[in-house]
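Okay, structure first, notes after.
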Amino acid sequence: MTLTPPQDRQSCPDADHARWMGEAIALARSMQGKVWPNPPVGCVIVREGEIVGRGCTQFGGRPHAERMALDQAGERARDAALYVTLEPCCHWGKTPPCADAIIRAGVRAVHASLQDPDPRVDGNGFRKLREAGIRVGIGLAENEASQIMAGFFHRIATGHPLLRVGARPQAAHVIPEGFDALMHSGWDCIEVVIRTPQGEASGEPLDSRSTKDELLDELGRRGLTSVYVPIDDPLSWKLRTAPSTTIASFSATHQRAGAPHTESAR
Ligand SMILES: [Zn+2]
């Protein structure tokens, strides 16, 4: 059900909504594999048909995309529309909640691709925005956003990162683009090569006697969301032959049932 006044819809046709969210999706995609333990999120702020703020989750997961975009927009965020690929946070983590910053900035409408399944958010960010009188739309570009954040959603749901098996990278210790980490067998241990918040690769040993579940638990505890395993590595057999292995192709995971873009106001 659409509760948006018709004149407002006319001032911003659906094609424009898709275009602005497309910009936010591109920003989110650019940070895939670089922002764990947080999800890669993109955000643009649009006023009078012009982008006045752009943001994406920064290395190591902070600041959040909305914070970056609001800082860039400054006073121009007032009465603007904000497009973001994930529900704005509403909890105090290591940074103040983005929902509060959006309300304080005087944003008029928020369009988000997906609700954040993190139990600390899970719809409460949207509720907070609506209670402040901000119009909220959910579902724009949700399939693209789901793919980009598949690893994060998988870890929230299972406690484990999403694993992908594929061709061995050309050079050792090179983490394939879009992944948080590379895991492979070393001489006497399993090594996980992690992309640090500084963007460097850092190798850390894991106990080679670990069972598959112990390994996945440990990777999840570290906050990793997506881990790549070379297909010719003995480890890939250990992970694949175990009964409850969660190996999935990124494009095939977390495709939520396609709810239409819905808007509501209060
Ligand atoms: Zn936030």
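We name chains A, B, ... following the order of the structure tokens; residues begin at 1 in each chain, and ligands are numbered from 1 as shown.
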**OP:** Would you please give, as a PyMOL selection string, all residues of range 135-204 of chain A that DSSP assigns to strand (DSSP E) based on the backbone?
**Re:** chain A and resi 135-138+162-166+181-185+190-195+201-204
**OP:** Show me which residues sit within 8 Å of ligand 1 when counting only C-alpha atoms and all ligand atoms, and put them as a list in words.
**Re:**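 So the residues close to ligand 1 are Pro63, His64, Ala65, Glu66, Arg67, Pro88, Cys89, Cys90, Thr95, Pro96, Pro97, Cys98 and Ala99 of chain A.
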Next, write the just-selected residues to a file, as a compact mmCIF listing (two decimals), in the first residue's frame, keeping C-alpha atoms as the atom set.
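Result went into selection-v2.txt, see below:
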# COMPACT_ATOMS: atom_id res chain seq x y z
CA PRO A 63 32.06 5.48 10.26
CA HIS A 64 28.80 4.28 8.78
CA ALA A 65 27.64 5.29 5.28
CA GLU A 66 24.86 7.60 6.50
CA ARG A 67 27.26 9.48 8.78
CA PRO A 88 19.89 2.94 9.50
CA CYS A 89 21.14 1.79 12.89
CA CYS A 90 19.36 2.91 16.06
CA THR A 95 29.38 5.34 17.19
CA PRO A 96 26.09 7.22 17.83
CA PRO A 97 23.01 5.88 16.00
CA CYS A 98 22.59 6.96 12.37
CA ALA A 99 18.79 7.19 12.77
**OP:** Run DSSP on the backbone and give me the residues of range 108-250 of chain A it puts in alpha helix (DSSP H), as a VMD selection string.
**Re:** chain A and resid 124 to 131 142 to 148 150 to 158 212 to 221 234 to 241
**OP:** Go through A:Thr225, A:His184, A:Gly42, A:Phe179 and flag the residue nearest Leu206 in chain A, using only C-alpha atoms for the distances.
**Re:** A:His184
**OP:** Can you work out the spacing between CA of Ala201 in chain A and CA of Ala145 in chain A in Å, to one decimal?
**Re:**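 About the pair CA of Ala201 in chain A and CA of Ala145 in chain A: they are 25.9 Å apart.
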Which residues come within 8 Å of range 193-198 of chain A, counting only C-alpha atoms, excluding same-chain residues fewer than 6 positions away, as a compact mmCIF listing (two decimals) with N, CA and C atoms, in the first residue's frame?
# COMPACT_ATOMS: atom_id res chain seq x y z
N GLY A 33 34.15 -6.57 1.24
CA GLY A 33 35.39 -7.23 1.67
C GLY A 33 36.31 -6.34 2.48
N LYS A 34 35.93 -5.09 2.70
CA LYS A 34 36.83 -4.14 3.37
C LYS A 34 36.30 -3.63 4.70
N VAL A 35 35.08 -3.99 5.05
CA VAL A 35 34.45 -3.31 6.20
C VAL A 35 34.00 -4.27 7.29
N PHE A 59 36.64 1.57 6.02
CA PHE A 59 37.49 0.43 6.38
C PHE A 59 37.33 0.09 7.85
N GLY A 60 37.15 -1.19 8.15
CA GLY A 60 36.98 -1.60 9.53
C GLY A 60 35.54 -1.42 10.03
N HIS A 173 48.65 -15.33 -0.52
CA HIS A 173 48.28 -14.24 0.38
C HIS A 173 47.51 -13.11 -0.29
N ILE A 175 44.05 -11.82 -1.18
CA ILE A 175 42.64 -12.07 -0.89
C ILE A 175 41.83 -11.64 -2.12
N ASP A 180 36.47 -10.89 2.73
CA ASP A 180 37.16 -10.41 3.93
C ASP A 180 38.47 -11.15 4.13
N ALA A 181 38.51 -12.41 3.72
CA ALA A 181 39.66 -13.25 4.07
C ALA A 181 39.83 -14.40 3.10
N LEU A 182 41.05 -14.93 3.07
CA LEU A 182 41.40 -16.14 2.32
C LEU A 182 41.84 -17.18 3.34
N MET A 183 41.35 -18.41 3.22
CA MET A 183 41.78 -19.45 4.16
C MET A 183 42.40 -20.59 3.37
N GLU A 204 47.03 -15.27 9.90
CA GLU A 204 46.91 -15.73 11.28
C GLU A 204 46.67 -17.23 11.28
**OP:** Quick one: everything within 9 Å of Ser208 in chain A, counting only C-alpha atoms, minus sequence neighbours fewer than 3 positions away in the same chain. Send it as a list of chain:residue names.
**Re:** A:Ser185, A:Gly186, A:Asp188, A:Cys189, A:Ile190, A:Glu191, A:Pro205, A:Thr211, A:Leu215
Original post:
With only C-alpha atoms as the atoms that count, which of A:Arg155, A:His17, A:His91, A:Arg78 lies nearest to Ser113 in chain A?
Top reply: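 Among the listed residues, A:His17 lies closest to Ser113 in chain A.
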**OP:** In Å, rounded to a single decimal, give me how far CA of Arg240 in chain A is from CA of Leu224 in chain A.
**Re:** 19.0 Å
Subject >> Separation of CA of Val227 in chain A from CA of Gly166 in chain A in Å >> reply: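 Interatomic distance, CA of Gly166 in chain A to CA of Val227 in chain A: 10.8 Å.
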Original post:
Taking only C-alpha atoms into account, which of A:Val107, A:Asp14, A:Ile25, A:Glu48 comes nearest Ala77 in chain A?
Top reply: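 That would be A:Val107, the residue with the smallest distance to Ala77 in chain A.
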Selection: 12 Å around Tyr83 in chain A, only C-alpha atoms, excl. self and same-chain fewer than 2 positions, as a compact mmCIF listing (two decimals) with C-alpha atoms, in the first residue's frame:
# COMPACT_ATOMS: atom_id res chain seq x y z
CA ASP A 16 14.74 8.63 -10.34
CA HIS A 17 14.37 6.51 -7.19
CA ALA A 18 16.08 3.63 -9.02
CA ARG A 19 18.86 5.91 -10.24
CA TRP A 20 19.63 7.33 -6.79
CA MET A 21 19.54 3.92 -5.18
CA GLY A 22 21.79 2.67 -7.98
CA GLU A 23 24.37 5.24 -6.84
CA ALA A 24 24.09 3.95 -3.26
CA ILE A 25 24.45 0.34 -4.47
CA LEU A 27 29.10 2.85 -3.25
CA ALA A 28 28.24 -0.24 -1.18
CA VAL A 41 26.51 -0.03 2.98
CA GLY A 42 26.14 2.84 0.51
CA CYS A 43 24.19 6.06 0.95
CA VAL A 44 23.37 9.14 -1.11
CA ILE A 45 21.44 12.25 -0.10
CA VAL A 46 19.44 13.96 -2.83
CA ARG A 47 18.02 17.45 -2.78
CA ILE A 51 23.28 14.50 -4.97
CA VAL A 52 24.49 16.60 -2.03
CA GLY A 53 26.10 13.82 0.01
CA ARG A 54 27.70 10.45 -0.69
CA GLY A 55 28.90 7.90 1.82
CA CYS A 56 29.90 4.29 2.26
CA ALA A 65 27.64 5.29 5.28
CA GLU A 66 24.86 7.60 6.50
CA ALA A 69 26.88 11.29 3.57
CA LEU A 70 25.31 13.56 6.22
CA ALA A 77 20.46 17.50 4.12
CA ALA A 80 16.38 16.10 1.35
CA ALA A 81 15.74 12.41 0.53
CA THR A 85 21.14 0.12 1.10
CA LEU A 86 20.41 -1.01 4.68
CA GLU A 87 18.16 0.16 7.51
CA PRO A 88 19.89 2.94 9.50
CA ILE A 102 19.22 11.57 10.13
CA VAL A 107 15.91 14.65 6.27
CA ARG A 108 12.40 14.41 4.80
CA ALA A 109 12.33 10.86 3.38
CA VAL A 110 14.43 7.72 3.76
CA HIS A 111 14.50 5.01 1.08
CA ALA A 112 16.20 1.79 2.18
CA SER A 113 16.80 -1.45 0.29
CA LEU A 114 16.57 -3.82 3.25
CA ARG A 135 8.60 9.04 5.31
CA VAL A 136 10.18 5.60 4.98
CA GLY A 137 10.29 3.44 1.84
CA ILE A 138 11.69 -0.11 1.88
CA GLY A 139 12.63 -2.51 -0.92
CA LEU A 140 14.39 -0.49 -3.64
CA ALA A 141 17.17 -2.60 -5.23
Subject >> Nearest to Val192 in chain A, chosen from A:Ile156, A:Ala167, A:Asn143, A:Pro230, with only C-alpha atoms counted in the distances >> reply: A:Pro230
